[in-house]
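Enquirer: This is the structure I have questions about; it appears just below.
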Amino acid sequence: MKIEVWSDFVCPYCYIGKRRLELALDEFEHKDYVQIVYKSYELDPKAKKDPNQDIHEYLATKNGIPIEYARQMNEKLKSQANEIGLIFNFNTMQHTNTFDAHRLAKYAETQQLGLEITEKLLQAYFTDSMLISDFHTLLNIATEIGLMKEDVEELLTTNRYGKRVREDEDIAMQIGIEAVPFYVFNEKHAISGAQPKEVFISILNKVWKEECDNSKNPSKSKAKTSYCTGEGCEMNE
(Lines give C-alpha, C1' and ligand atoms only; values in the text may rest on other atoms or scores of the structure.)
Protein backbone atom coordinates (compact mmCIF):
# COMPACT_ATOMS: atom_id res chain seq x y z
CA MET A 1 0.00 0.00 0.00
CA LYS A 2 1.28 3.44 -0.92
CA ILE A 3 0.24 6.56 0.98
CA GLU A 4 1.11 9.93 -0.55
CA VAL A 5 0.92 12.84 1.88
CA TRP A 6 0.86 16.49 0.84
CA SER A 7 1.94 18.63 3.79
CA ASP A 8 3.94 21.66 4.90
CA PHE A 9 6.41 21.94 7.75
CA VAL A 10 4.61 24.93 9.31
CA CYS A 11 1.17 23.30 9.28
CA PRO A 12 0.13 22.18 12.79
CA TYR A 13 -2.55 19.85 11.45
CA CYS A 14 0.09 18.16 9.29
CA TYR A 15 2.14 17.22 12.35
CA ILE A 16 -0.94 16.12 14.29
CA GLY A 17 -2.21 14.14 11.30
CA LYS A 18 1.19 12.55 10.80
CA ARG A 19 1.27 11.25 14.35
CA ARG A 20 -2.33 10.03 14.22
CA LEU A 21 -1.58 8.09 11.03
CA GLU A 22 1.49 6.56 12.69
CA LEU A 23 -0.61 5.55 15.70
CA ALA A 24 -3.11 3.94 13.34
CA LEU A 25 -0.34 2.07 11.55
CA ASP A 26 0.87 0.72 14.90
CA GLU A 27 -2.48 -1.08 15.11
CA PHE A 28 -2.54 -2.14 11.47
CA GLU A 29 -1.67 -5.77 10.93
CA HIS A 30 -0.01 -5.13 7.55
CA LYS A 31 2.06 -2.11 8.56
CA ASP A 32 5.24 -3.56 7.04
CA TYR A 33 3.65 -3.43 3.59
CA VAL A 34 2.84 0.30 3.77
CA GLN A 35 5.00 2.92 2.06
CA ILE A 36 4.58 6.58 3.00
CA VAL A 37 5.78 9.26 0.60
CA TYR A 38 5.67 12.94 1.58
CA LYS A 39 4.80 15.52 -1.07
CA SER A 40 5.62 19.23 -1.01
CA TYR A 41 3.00 21.88 -0.37
CA GLU A 42 3.68 25.50 0.63
CA LEU A 43 0.92 27.14 2.63
CA ASP A 44 2.50 30.56 2.19
CA PRO A 45 4.87 30.59 -0.81
CA LYS A 46 5.37 34.35 -0.37
CA ALA A 47 6.44 34.10 3.27
CA LYS A 48 9.69 35.83 4.14
CA LYS A 49 12.64 33.86 5.45
CA ASP A 50 13.15 36.27 8.34
CA PRO A 51 10.00 36.41 10.50
CA ASN A 52 8.78 39.88 11.49
CA GLN A 53 5.73 38.71 13.47
CA ASP A 54 5.15 36.07 16.12
CA ILE A 55 2.86 33.22 15.12
CA HIS A 56 -0.18 34.70 16.89
CA GLU A 57 0.20 38.01 15.06
CA TYR A 58 0.79 36.23 11.76
CA LEU A 59 -2.38 34.12 12.04
CA ALA A 60 -4.44 37.09 13.20
CA THR A 61 -3.32 39.12 10.19
CA LYS A 62 -3.70 36.25 7.72
CA ASN A 63 -7.21 35.30 8.87
CA GLY A 64 -8.46 38.77 9.78
CA ILE A 65 -9.20 37.86 13.39
CA PRO A 66 -8.34 39.44 16.77
CA ILE A 67 -4.97 38.35 18.12
CA GLU A 68 -6.58 36.97 21.29
CA TYR A 69 -8.74 34.69 19.18
CA ALA A 70 -5.61 33.50 17.37
CA ARG A 71 -4.03 32.71 20.72
CA GLN A 72 -7.10 30.72 21.77
CA MET A 73 -7.01 28.73 18.51
CA ASN A 74 -3.36 27.91 19.09
CA GLU A 75 -4.04 26.81 22.65
CA LYS A 76 -6.64 24.34 21.35
CA LEU A 77 -4.13 23.03 18.81
CA LYS A 78 -1.53 22.72 21.54
CA SER A 79 -3.95 20.59 23.58
CA GLN A 80 -4.67 18.35 20.58
CA ALA A 81 -0.94 17.90 20.05
CA ASN A 82 -0.33 17.09 23.71
CA GLU A 83 -2.94 14.32 23.58
CA ILE A 84 -0.76 12.39 21.10
CA GLY A 85 2.61 13.18 22.66
CA LEU A 86 3.57 16.25 20.63
CA ILE A 87 4.80 19.52 22.11
CA PHE A 88 3.84 22.76 20.33
CA ASN A 89 5.60 25.92 21.52
CA PHE A 90 3.53 28.58 19.77
CA ASN A 91 4.96 31.50 21.74
CA THR A 92 8.43 30.97 20.29
CA MET A 93 7.64 29.56 16.82
CA GLN A 94 9.30 31.33 13.91
CA HIS A 95 6.95 31.33 10.93
CA THR A 96 8.99 31.34 7.73
CA ASN A 97 9.29 30.35 4.09
CA THR A 98 9.54 26.56 3.65
CA PHE A 99 10.75 26.23 0.05
CA ASP A 100 14.34 25.34 0.99
CA ALA A 101 13.12 22.89 3.62
CA HIS A 102 11.03 21.16 0.95
CA ARG A 103 14.00 21.06 -1.41
CA LEU A 104 16.09 19.47 1.32
CA ALA A 105 13.34 16.92 2.00
CA LYS A 106 13.27 16.01 -1.69
CA TYR A 107 16.99 15.35 -1.63
CA ALA A 108 16.73 13.34 1.61
CA GLU A 109 14.10 11.18 -0.07
CA THR A 110 16.62 10.17 -2.75
CA GLN A 111 18.87 8.98 0.08
CA GLN A 112 16.07 6.93 1.68
CA LEU A 113 15.81 9.47 4.51
CA GLY A 114 12.57 11.18 3.55
CA LEU A 115 10.62 10.08 6.62
CA GLU A 116 13.46 11.03 8.95
CA ILE A 117 13.88 14.55 7.56
CA THR A 118 10.12 15.17 7.64
CA GLU A 119 9.91 14.33 11.34
CA LYS A 120 13.03 16.37 12.14
CA LEU A 121 11.79 19.47 10.32
CA LEU A 122 8.36 19.34 11.96
CA GLN A 123 9.93 18.91 15.39
CA ALA A 124 12.41 21.69 14.70
CA TYR A 125 9.61 24.12 13.88
CA PHE A 126 6.85 23.20 16.32
CA THR A 127 8.82 22.00 19.33
CA ASP A 128 12.32 23.45 19.14
CA SER A 129 11.33 26.86 17.70
CA MET A 130 14.06 26.74 15.07
CA LEU A 131 14.10 28.93 11.97
CA ILE A 132 13.75 26.22 9.33
CA SER A 133 14.63 28.55 6.46
CA ASP A 134 18.07 29.22 7.94
CA PHE A 135 21.04 27.73 6.11
CA HIS A 136 22.83 26.48 9.22
CA THR A 137 19.65 25.13 10.81
CA LEU A 138 18.87 23.05 7.71
CA LEU A 139 22.49 21.93 7.43
CA ASN A 140 22.57 20.75 11.04
CA ILE A 141 19.26 18.90 10.72
CA ALA A 142 20.44 17.22 7.54
CA THR A 143 23.75 16.05 8.94
CA GLU A 144 22.05 14.78 12.12
CA ILE A 145 20.10 12.24 10.07
CA GLY A 146 23.14 11.16 8.08
CA LEU A 147 23.20 13.34 4.96
CA MET A 148 26.61 14.43 3.73
CA LYS A 149 27.52 17.99 4.73
CA GLU A 150 29.12 18.87 1.38
CA ASP A 151 26.09 17.67 -0.59
CA VAL A 152 23.68 19.64 1.58
CA GLU A 153 25.80 22.80 1.36
CA GLU A 154 25.73 22.55 -2.43
CA LEU A 155 21.97 21.96 -2.40
CA LEU A 156 21.26 24.97 -0.20
CA THR A 157 23.40 27.34 -2.26
CA THR A 158 21.70 26.36 -5.53
CA ASN A 159 18.13 25.68 -6.63
CA ARG A 160 18.56 21.92 -6.80
CA TYR A 161 15.36 19.90 -6.28
CA GLY A 162 13.30 23.05 -6.65
CA LYS A 163 11.71 21.55 -9.76
CA ARG A 164 10.60 18.49 -7.80
CA VAL A 165 8.94 20.71 -5.21
CA ARG A 166 7.07 22.55 -7.96
CA GLU A 167 6.03 19.24 -9.55
CA ASP A 168 4.39 18.15 -6.28
CA GLU A 169 2.61 21.48 -6.03
CA ASP A 170 1.44 21.27 -9.63
CA ILE A 171 -0.04 17.82 -8.98
CA ALA A 172 -1.76 19.20 -5.88
CA MET A 173 -3.36 21.88 -8.02
CA GLN A 174 -4.40 19.39 -10.68
CA ILE A 175 -6.19 17.13 -8.22
CA GLY A 176 -7.79 20.03 -6.37
CA ILE A 177 -5.88 20.10 -3.08
CA GLU A 178 -6.66 23.36 -1.30
CA ALA A 179 -5.71 22.43 2.26
CA VAL A 180 -3.27 20.12 4.00
CA PRO A 181 -2.61 17.51 5.20
CA PHE A 182 -3.98 15.58 2.24
CA TYR A 183 -3.57 11.80 2.00
CA VAL A 184 -3.97 9.65 -1.11
CA PHE A 185 -4.08 5.87 -0.65
CA ASN A 186 -3.02 3.81 -3.68
CA GLU A 187 -4.05 6.69 -5.97
CA LYS A 188 -7.72 5.89 -5.26
CA HIS A 189 -8.88 6.99 -1.83
CA ALA A 190 -8.28 10.45 -0.36
CA ILE A 191 -8.51 11.90 3.13
CA SER A 192 -8.13 15.59 3.89
CA GLY A 193 -7.24 16.95 7.32
CA ALA A 194 -5.93 15.67 10.63
CA GLN A 195 -8.43 12.84 10.89
CA PRO A 196 -8.87 10.82 14.11
CA LYS A 197 -6.83 7.65 14.41
CA GLU A 198 -9.98 5.56 13.94
CA VAL A 199 -10.59 7.07 10.50
CA PHE A 200 -7.08 6.16 9.41
CA ILE A 201 -7.52 2.61 10.71
CA SER A 202 -10.77 2.31 8.80
CA ILE A 203 -9.34 3.39 5.47
CA LEU A 204 -6.20 1.30 5.91
CA ASN A 205 -8.35 -1.78 6.33
CA LYS A 206 -10.63 -0.76 3.47
CA VAL A 207 -7.77 -0.21 1.01
CA TRP A 208 -6.03 -3.41 2.06
CA LYS A 209 -9.18 -5.46 1.57
CA GLU A 210 -9.88 -3.78 -1.75
CA GLU A 211 -6.41 -4.54 -3.06
CA CYS A 212 -6.66 -8.15 -1.94
CA ASP A 213 -10.02 -8.46 -3.73
CA ASN A 214 -8.59 -6.81 -6.86
CA SER A 215 -5.69 -9.24 -6.96
CA LYS A 216 -8.25 -12.04 -7.14
CA ASN A 217 -10.50 -10.21 -9.60
CA PRO A 218 -8.56 -7.72 -11.80
CA SER A 219 -11.78 -6.42 -13.37
CA LYS A 220 -12.53 -4.62 -10.09
CA SER A 221 -9.22 -2.79 -9.97
CA LYS A 222 -10.58 0.56 -11.16
CA ALA A 223 -12.55 1.64 -8.14
CA LYS A 224 -14.02 5.13 -7.77
CA THR A 225 -12.10 7.57 -5.62
CA SER A 226 -13.56 8.17 -2.17
CA TYR A 227 -12.99 11.39 -0.27
CA CYS A 228 -13.56 12.77 3.23
CA THR A 229 -12.49 15.96 4.93
CA GLY A 230 -11.37 17.09 8.35
CA GLU A 231 -9.33 19.80 10.02
CA GLY A 232 -6.45 21.18 8.00
CA CYS A 233 -4.49 24.27 6.95
CA GLU A 234 -5.48 26.22 3.84
CA MET A 235 -3.04 27.82 1.45
CA ASN A 236 -2.43 31.54 1.80
CA GLU A 237 -3.10 33.10 -1.60
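Starting from 1 in every chain, residues are counted up; chains themselves are A, B, ... following the order of the C-alpha coordinates, and ligands are numbered from 1 as listed.
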Would you kindly return, as number ranges by chain, each protein, DNA or RNA residue with an atom no farther than 12 Å from any atom of range 114-119 of chain A, considering only C-alpha atoms and excluding same-chain residues fewer than 5 positions away?
Expert: A: 4-10, 14-16, 18-19, 22, 35-40, 86, 101-109, 124-127, 132, 138-147
Enquirer: Using DSSP on the backbone, list every residue of range 13-165 of chain A that comes out as alpha helix (DSSP H), and give them as a PyMOL selection string.
Expert: chain A and resi 13-26+55-63+67-83+99-110+114-126+135-144+149-156+162-165
Enquirer: CA of Lys2 in chain A to CA of Asn186 in chain A: how many Å, to one decimal?
Expert: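 Distance reported for this atom pair: 5.1 Å.
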Enquirer: What's the 8 Å shell around range 69-83 of chain A, counting only C-alpha atoms, without same-chain residues fewer than 6 positions away, as a list in words?
Expert: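 Once the adjacent positions are removed, what remains is Pro12, Ile16, His56, Glu57, Leu59, Ala60, Asn89 and Phe90 of chain A.
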Enquirer: Write the residues you've just listed into a file as a PDB file, in the first residue's frame, and include all heavy atoms for each of them.
Expert:
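Final output, again-v4.pdb:
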ATOM      1  N   PRO A  12       0.320  22.967  11.570  1.00  0.00           N
ATOM      2  CA  PRO A  12       0.127  22.177  12.791  1.00  0.00           C
ATOM      3  C   PRO A  12      -0.706  20.922  12.579  1.00  0.00           C
ATOM      4  O   PRO A  12      -0.438  19.877  13.176  1.00  0.00           O
ATOM      5  CB  PRO A  12      -0.563  23.153  13.747  1.00  0.00           C
ATOM      6  CG  PRO A  12      -1.184  24.182  12.860  1.00  0.00           C
ATOM      7  CD  PRO A  12      -0.271  24.323  11.690  1.00  0.00           C
ATOM      8  N   ILE A  16       0.044  16.894  13.527  1.00  0.00           N
ATOM      9  CA  ILE A  16      -0.944  16.116  14.285  1.00  0.00           C
ATOM     10  C   ILE A  16      -1.435  14.942  13.445  1.00  0.00           C
ATOM     11  O   ILE A  16      -1.526  13.801  13.921  1.00  0.00           O
ATOM     12  CB  ILE A  16      -2.113  17.016  14.711  1.00  0.00           C
ATOM     13  CG1 ILE A  16      -1.643  18.026  15.773  1.00  0.00           C
ATOM     14  CG2 ILE A  16      -3.272  16.179  15.260  1.00  0.00           C
ATOM     15  CD1 ILE A  16      -2.675  19.090  16.124  1.00  0.00           C
ATOM     16  N   HIS A  56       1.160  34.215  16.578  1.00  0.00           N
ATOM     17  CA  HIS A  56      -0.181  34.696  16.893  1.00  0.00           C
ATOM     18  C   HIS A  56      -0.537  35.909  16.026  1.00  0.00           C
ATOM     19  O   HIS A  56      -1.634  35.996  15.474  1.00  0.00           O
ATOM     20  CB  HIS A  56      -0.283  35.064  18.371  1.00  0.00           C
ATOM     21  CG  HIS A  56       0.168  33.998  19.309  1.00  0.00           C
ATOM     22  ND1 HIS A  56      -0.450  32.771  19.388  1.00  0.00           N
ATOM     23  CD2 HIS A  56       1.193  33.959  20.204  1.00  0.00           C
ATOM     24  CE1 HIS A  56       0.168  32.021  20.295  1.00  0.00           C
ATOM     25  NE2 HIS A  56       1.165  32.722  20.788  1.00  0.00           N
ATOM     26  N   GLU A  57       0.410  36.823  15.893  1.00  0.00           N
ATOM     27  CA  GLU A  57       0.196  38.009  15.058  1.00  0.00           C
ATOM     28  C   GLU A  57       0.027  37.617  13.595  1.00  0.00           C
ATOM     29  O   GLU A  57      -0.820  38.171  12.884  1.00  0.00           O
ATOM     30  CB  GLU A  57       1.372  38.968  15.212  1.00  0.00           C
ATOM     31  CG  GLU A  57       1.504  39.591  16.590  1.00  0.00           C
ATOM     32  CD  GLU A  57       2.810  40.329  16.775  1.00  0.00           C
ATOM     33  OE1 GLU A  57       3.789  40.020  16.049  1.00  0.00           O
ATOM     34  OE2 GLU A  57       2.863  41.215  17.640  1.00  0.00           O
ATOM     35  N   LEU A  59      -1.085  34.753  12.291  1.00  0.00           N
ATOM     36  CA  LEU A  59      -2.377  34.118  12.043  1.00  0.00           C
ATOM     37  C   LEU A  59      -3.522  35.115  12.140  1.00  0.00           C
ATOM     38  O   LEU A  59      -4.492  35.035  11.390  1.00  0.00           O
ATOM     39  CB  LEU A  59      -2.588  32.966  13.022  1.00  0.00           C
ATOM     40  CG  LEU A  59      -1.679  31.762  12.810  1.00  0.00           C
ATOM     41  CD1 LEU A  59      -1.860  30.750  13.934  1.00  0.00           C
ATOM     42  CD2 LEU A  59      -1.955  31.098  11.461  1.00  0.00           C
ATOM     43  N   ALA A  60      -3.410  36.064  13.068  1.00  0.00           N
ATOM     44  CA  ALA A  60      -4.445  37.089  13.204  1.00  0.00           C
ATOM     45  C   ALA A  60      -4.523  37.940  11.937  1.00  0.00           C
ATOM     46  O   ALA A  60      -5.616  38.225  11.431  1.00  0.00           O
ATOM     47  CB  ALA A  60      -4.160  37.965  14.420  1.00  0.00           C
ATOM     48  N   ASN A  89       5.211  24.705  20.807  1.00  0.00           N
ATOM     49  CA  ASN A  89       5.602  25.925  21.522  1.00  0.00           C
ATOM     50  C   ASN A  89       5.259  27.148  20.669  1.00  0.00           C
ATOM     51  O   ASN A  89       6.130  27.755  20.031  1.00  0.00           O
ATOM     52  CB  ASN A  89       7.087  25.884  21.858  1.00  0.00           C
ATOM     53  CG  ASN A  89       7.413  24.837  22.908  1.00  0.00           C
ATOM     54  OD1 ASN A  89       6.726  24.759  23.921  1.00  0.00           O
ATOM     55  ND2 ASN A  89       8.431  24.040  22.677  1.00  0.00           N
ATOM     56  N   PHE A  90       3.989  27.505  20.646  1.00  0.00           N
ATOM     57  CA  PHE A  90       3.529  28.583  19.775  1.00  0.00           C
ATOM     58  C   PHE A  90       4.169  29.929  20.099  1.00  0.00           C
ATOM     59  O   PHE A  90       4.410  30.740  19.198  1.00  0.00           O
ATOM     60  CB  PHE A  90       2.002  28.710  19.847  1.00  0.00           C
ATOM     61  CG  PHE A  90       1.288  27.679  19.029  1.00  0.00           C
ATOM     62  CD1 PHE A  90       0.672  26.593  19.650  1.00  0.00           C
ATOM     63  CD2 PHE A  90       1.213  27.784  17.656  1.00  0.00           C
ATOM     64  CE1 PHE A  90      -0.004  25.641  18.889  1.00  0.00           C
ATOM     65  CE2 PHE A  90       0.543  26.833  16.891  1.00  0.00           C
ATOM     66  CZ  PHE A  90      -0.057  25.753  17.521  1.00  0.00           C
TER      67      PHE A  90
END
Enquirer: One number please: CA of Asp54 in chain A to CA of Glu178 in chain A, in Å, one decimal.
Expert: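 Taking CA of Asp54 in chain A and CA of Glu178 in chain A, their separation equals 24.6 Å.
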Enquirer: Counting only C-alpha atoms, which residue out of A:Glu198, A:Met130, A:Arg20, A:His30 sits closest to Cys212 in chain A?
Expert: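 Selected residue with least distance to Cys212 in chain A: A:His30.
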Enquirer: Could you tell me which of A:Gln123, A:Thr157, A:Ser202, A:Ser133 comes closest to His189 in chain A if we count only C-alpha atoms?
Expert: A:Ser202
Enquirer: Of the residues A:Thr96, A:Val207, A:Ala194, A:Glu169, which is the one nearest to Ala47 in chain A, using only C-alpha atoms?
Expert: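 Checking each of A:Thr96, A:Val207, A:Ala194, A:Glu169 against Ala47 in chain A, counting only C-alpha atoms, the winner is A:Thr96.
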Enquirer: Run DSSP on the backbone and grab whatever in range 34-222 of chain A lands in strand (DSSP E or B); send it over as JSON, numbers by chain.
Expert: {"A": [35, 36, 37, 38, 39, 40, 179, 180, 182, 183, 184, 185, 189, 190, 191, 192]}
Enquirer: Just the selected residues (N, CA and C atoms), exported as an mmCIF file, in the first residue's frame, please.
Expert:
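Once everything was written out, this is again.cif:
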data_model
loop_
_atom_site.group_PDB
_atom_site.id
_atom_site.type_symbol
_atom_site.label_atom_id
_atom_site.label_comp_id
_atom_site.auth_asym_id
_atom_site.auth_seq_id
_atom_site.Cartn_x
_atom_site.Cartn_y
_atom_site.Cartn_z
ATOM 1 N N GLN A 35 3.980 1.926 2.402
ATOM 2 C CA GLN A 35 5.001 2.915 2.064
ATOM 3 C C GLN A 35 4.389 4.307 2.145
ATOM 4 N N ILE A 36 5.040 5.194 2.886
ATOM 5 C CA ILE A 36 4.575 6.581 2.999
ATOM 6 C C ILE A 36 5.533 7.490 2.246
ATOM 7 N N VAL A 37 4.984 8.319 1.372
ATOM 8 C CA VAL A 37 5.784 9.264 0.595
ATOM 9 C C VAL A 37 5.236 10.668 0.838
ATOM 10 N N TYR A 38 6.098 11.574 1.317
ATOM 11 C CA TYR A 38 5.668 12.944 1.582
ATOM 12 C C TYR A 38 5.858 13.825 0.366
ATOM 13 N N LYS A 39 4.823 14.627 0.075
ATOM 14 C CA LYS A 39 4.803 15.525 -1.066
ATOM 15 C C LYS A 39 4.845 16.980 -0.588
ATOM 16 N N SER A 40 5.456 17.825 -1.386
ATOM 17 C CA SER A 40 5.623 19.229 -1.010
ATOM 18 C C SER A 40 4.364 20.047 -1.224
ATOM 19 N N ALA A 179 -6.093 22.396 0.851
ATOM 20 C CA ALA A 179 -5.713 22.428 2.261
ATOM 21 C C ALA A 179 -4.924 21.162 2.579
ATOM 22 N N VAL A 180 -4.074 21.261 3.579
ATOM 23 C CA VAL A 180 -3.266 20.115 3.997
ATOM 24 C C VAL A 180 -3.411 19.902 5.494
ATOM 25 N N PHE A 182 -3.141 16.263 3.213
ATOM 26 C CA PHE A 182 -3.983 15.579 2.241
ATOM 27 C C PHE A 182 -3.341 14.231 1.929
ATOM 28 N N TYR A 183 -4.089 13.163 2.125
ATOM 29 C CA TYR A 183 -3.567 11.804 1.998
ATOM 30 C C TYR A 183 -4.232 11.090 0.827
ATOM 31 N N VAL A 184 -3.436 10.457 -0.005
ATOM 32 C CA VAL A 184 -3.965 9.654 -1.109
ATOM 33 C C VAL A 184 -3.465 8.224 -0.944
ATOM 34 N N PHE A 185 -4.397 7.279 -0.862
ATOM 35 C CA PHE A 185 -4.082 5.870 -0.655
ATOM 36 C C PHE A 185 -4.183 5.126 -1.980
ATOM 37 N N HIS A 189 -8.105 6.472 -2.947
ATOM 38 C CA HIS A 189 -8.881 6.992 -1.827
ATOM 39 C C HIS A 189 -8.151 8.184 -1.206
ATOM 40 N N ALA A 190 -8.889 9.233 -0.898
ATOM 41 C CA ALA A 190 -8.283 10.447 -0.356
ATOM 42 C C ALA A 190 -8.905 10.845 0.970
ATOM 43 N N ILE A 191 -8.066 11.344 1.856
ATOM 44 C CA ILE A 191 -8.509 11.896 3.132
ATOM 45 C C ILE A 191 -7.869 13.269 3.273
ATOM 46 N N SER A 192 -8.646 14.243 3.667
ATOM 47 C CA SER A 192 -8.131 15.585 3.891
ATOM 48 C C SER A 192 -8.253 15.943 5.366
#
Enquirer: Between A:Lys209, A:Gln53, A:Leu113, A:Arg166, which residue has the minimum interatomic distance to Met148 in chain A, considering only C-alpha atoms?
Expert: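 Ranking A:Lys209, A:Gln53, A:Leu113, A:Arg166 by distance to Met148 in chain A, first place goes to A:Leu113.
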Enquirer: Calculated over only C-alpha atoms, which of the candidates A:Asp170, A:Asp128, A:Glu187, A:Lys197 has the smallest distance to Ile3 in chain A?
Expert: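 Distance minimum relative to Ile3 in chain A lands on A:Glu187.
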